[in-house]
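Novice: What follows is a structure written as structure tokens; I'll ask about it next.
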Amino acid sequence: MLHVRVRSPSTLGFATARIQFNRMSKTRFSVKPIQSKTEIPTSDPDPNPGSENGSAAELRVFSRRKRVKRTEEVQKLQLEAKPIAQKLAVLPDIEEFAYKKLNTSTNSIDTGKPPANWEKVLDGIRKMRSSEDAPVDSMGCEKAGSSLPPKERRFAVLVSSLLSSQTKDHVNHGAIQRLLQNDLLSADSIDKADEATIKSLIYPVGFYTRKASNLKKVANICLTKYDGDIPSSLEELLSLPGIGPKMAHLVMNVGWNDVQGICVDTHVHRICNRLGWVSRPGKKQKTSTPEQTREALQLWLPKEEWDPINPLLVGFGQTICTPLRPRCGLCSVSEFCPSAFKEASSPSSKSKKSGSNKKL
DNA sequence: ATCCGGTTAT
DNA sequence: ATAACGGGAT
């Protein structure tokens, strides 16, 4: 067992992190405030204690029993301890935080076992999402055509999915509204309509030229093969131009209430990896594509959650766990997140003094 | 791996 | 003035 001492340069004094080092690559961190100075700063065997620049949190590794042999091991531990140091250095109130247990959970992942604390995390995210103030809550594809009869609603969901890829929710919402107002939200009417008309109505969704063309084809297929309805199986949906795995699962979920798989978009993909909920099969690496994430997530997430996980994480990703500068300071489950405060955080977490967390 | 477009945040 | 946003097809 090693101790890591962390000092925040901007405020706050010290805390120690105790690191238990299991040889099976499972590393656990727990944090306690420093009690006395009876700690023995033995040897300080490494001349470069994580010092990248003067403003970074100071970090020292020392051992009670001098079990630490050589610099390699020490360096490795420092690397593992660094997130803690950063987290502590950034945190507004070190006292409060220092008492919490830092479960940088070592997730089972590829064994198909659920990661530690996943229920707490999910619950915490649900609470953060209860205000329903994310774009997806009002303008997601799943809302499309909610006032229409079932068949028309399903078609609206399909169209909305088709248009929504690579475009913001509100832009897509606008396009759907325009189609609706022009009675162009049914297979029949779209099949008859001029492609240029479609194109101008759906502008400015991303890639509107191709989408207009895809929309015409899809409408025709729906009309001739499915009597104006949409395909009801995953395979058939995937065969439609412009419908890939993400949209196919979305349509199965919200269009047919038939959950065949998790709808993994960029938010779900990113957040699951930040939480350490997924990994490449056999590896401890992060998944590199949404499809890998879907398969890994499906290994352990209970099926009741397959459908709700998407709107939950999408909204969370739009408001708090953003792709860039995640607002870890506003996140109530950061204590369970291995990635918390690892990326440059948003100015919303109060650390305006001494820009010490500029680019850690 | 690259292309497909426009909008919004930095 | 850029870079980032967000999936599918080749």
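In the structure tokens, chains take the letters A, B, ... in the order shown, each chain's residues start at 1, and ligands count up from 1 in the order shown.
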Quick one: everything within 10 Å of DA4 of chain C, counting only C-alpha atoms (C1' of nucleotides), minus sequence neighbours fewer than 2 positions away in the same chain. Send it as a list of chain:residue names.

Specialist: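 What passes the distance filter is A:Pro323, A:Leu324, B:DT8, B:DA9, B:DT10, C:DT2, C:DG6.
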
Novice: What are the residues of chain B lining chain A at 8 Å or less? Count only C-alpha atoms (C1' of nucleotides), and put the answer as a PyMOL selection string.

Specialist: chain B and resi 4-6

Novice: Next, dump the selected residues to file, keeping only N, CA and C atoms (P, O5', C5', C4', C3', O3' and C1' of nucleotides), as an mmCIF file, in the first residue's frame.

Specialist:
```
data_model
loop_
_atom_site.group_PDB
_atom_site.id
_atom_site.type_symbol
_atom_site.label_atom_id
_atom_site.label_comp_id
_atom_site.auth_asym_id
_atom_site.auth_seq_id
_atom_site.Cartn_x
_atom_site.Cartn_y
_atom_site.Cartn_z
ATOM 1 P P DC B 4 -17.616 15.816 -50.672
ATOM 2 O "O5'" DC B 4 -19.102 15.838 -50.093
ATOM 3 C "C5'" DC B 4 -20.009 14.793 -50.460
ATOM 4 C "C4'" DC B 4 -21.018 14.675 -49.375
ATOM 5 C "C3'" DC B 4 -21.584 16.047 -48.941
ATOM 6 O "O3'" DC B 4 -22.932 16.124 -49.324
ATOM 7 C "C1'" DC B 4 -21.183 14.582 -47.101
ATOM 8 P P DG B 5 -23.555 17.517 -49.497
ATOM 9 O "O5'" DG B 5 -23.202 18.227 -48.115
ATOM 10 C "C5'" DG B 5 -22.756 19.528 -48.095
ATOM 11 C "C4'" DG B 5 -23.791 20.407 -47.383
ATOM 12 C "C3'" DG B 5 -23.356 21.863 -47.252
ATOM 13 O "O3'" DG B 5 -24.506 22.637 -46.970
ATOM 14 C "C1'" DG B 5 -23.224 20.841 -45.155
ATOM 15 P P DG B 6 -24.565 24.153 -47.097
ATOM 16 O "O5'" DG B 6 -25.208 24.726 -45.755
ATOM 17 C "C5'" DG B 6 -26.374 24.120 -45.248
ATOM 18 C "C4'" DG B 6 -26.397 24.261 -43.742
ATOM 19 C "C3'" DG B 6 -26.124 25.684 -43.236
ATOM 20 O "O3'" DG B 6 -27.224 26.032 -42.408
ATOM 21 C "C1'" DG B 6 -24.763 24.113 -42.084
#
```

Novice: I need the helix (DSSP H, G or I) residues of segment 182-337 of chain A per DSSP on the backbone, written as a ChimeraX atom specification.

Specialist: /A:187-192,195-202,208-226,234-238,245-256,266-275,290-298,303-305,309-319,328-330,334-336

Novice: Which chain A residues are at most 10 Å from chain C (counting only C-alpha atoms (C1' of nucleotides)), as a ChimeraX atom specification?

Specialist: /A:162,164-169,206,241-247,265-267,323-324

Novice: What is the distance, in Å and to one decimal place, between atom CA of Ile125 of chain A and atom CA of Glu304 of chain A?

Specialist: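 Rounded to one decimal, the two atoms are 16.3 Å apart.
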
Novice: Do you have the atom CA of Arg294 of chain A-atom CA of Asp229 of chain A distance handy?

Specialist: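 According to the coordinates, atom CA of Arg294 of chain A and atom CA of Asp229 of chain A are separated by 27.1 Å.
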
Novice: I want to know what sits within 10 Å of segment 144-150 of chain A, based on only C-alpha atoms (C1' of nucleotides), with residues of the same chain fewer than 2 positions away left out; could you give that as a list of chain:residue names?

Specialist: A:Ser138, A:Met139, A:Gly140, A:Cys141, A:Glu142, A:Glu152, A:Arg153, A:Arg154, A:Phe155, A:Ala156, A:Val157, A:Leu158, A:Val159, A:Ser160, A:Ser161, A:His173, A:Ile176, A:Gln177, A:Leu180, A:Leu185, A:Asp229, A:Val254, A:Gly255, A:Trp256

Novice: Excluding Glu195 of chain A and its own-chain neighbours fewer than 3 positions away, which residues fall within 12 Å of it when counting only C-alpha atoms (C1' of nucleotides)? Please give them as number ranges by chain.

Specialist: A: 184, 189-192, 198-202, 208-217, 219
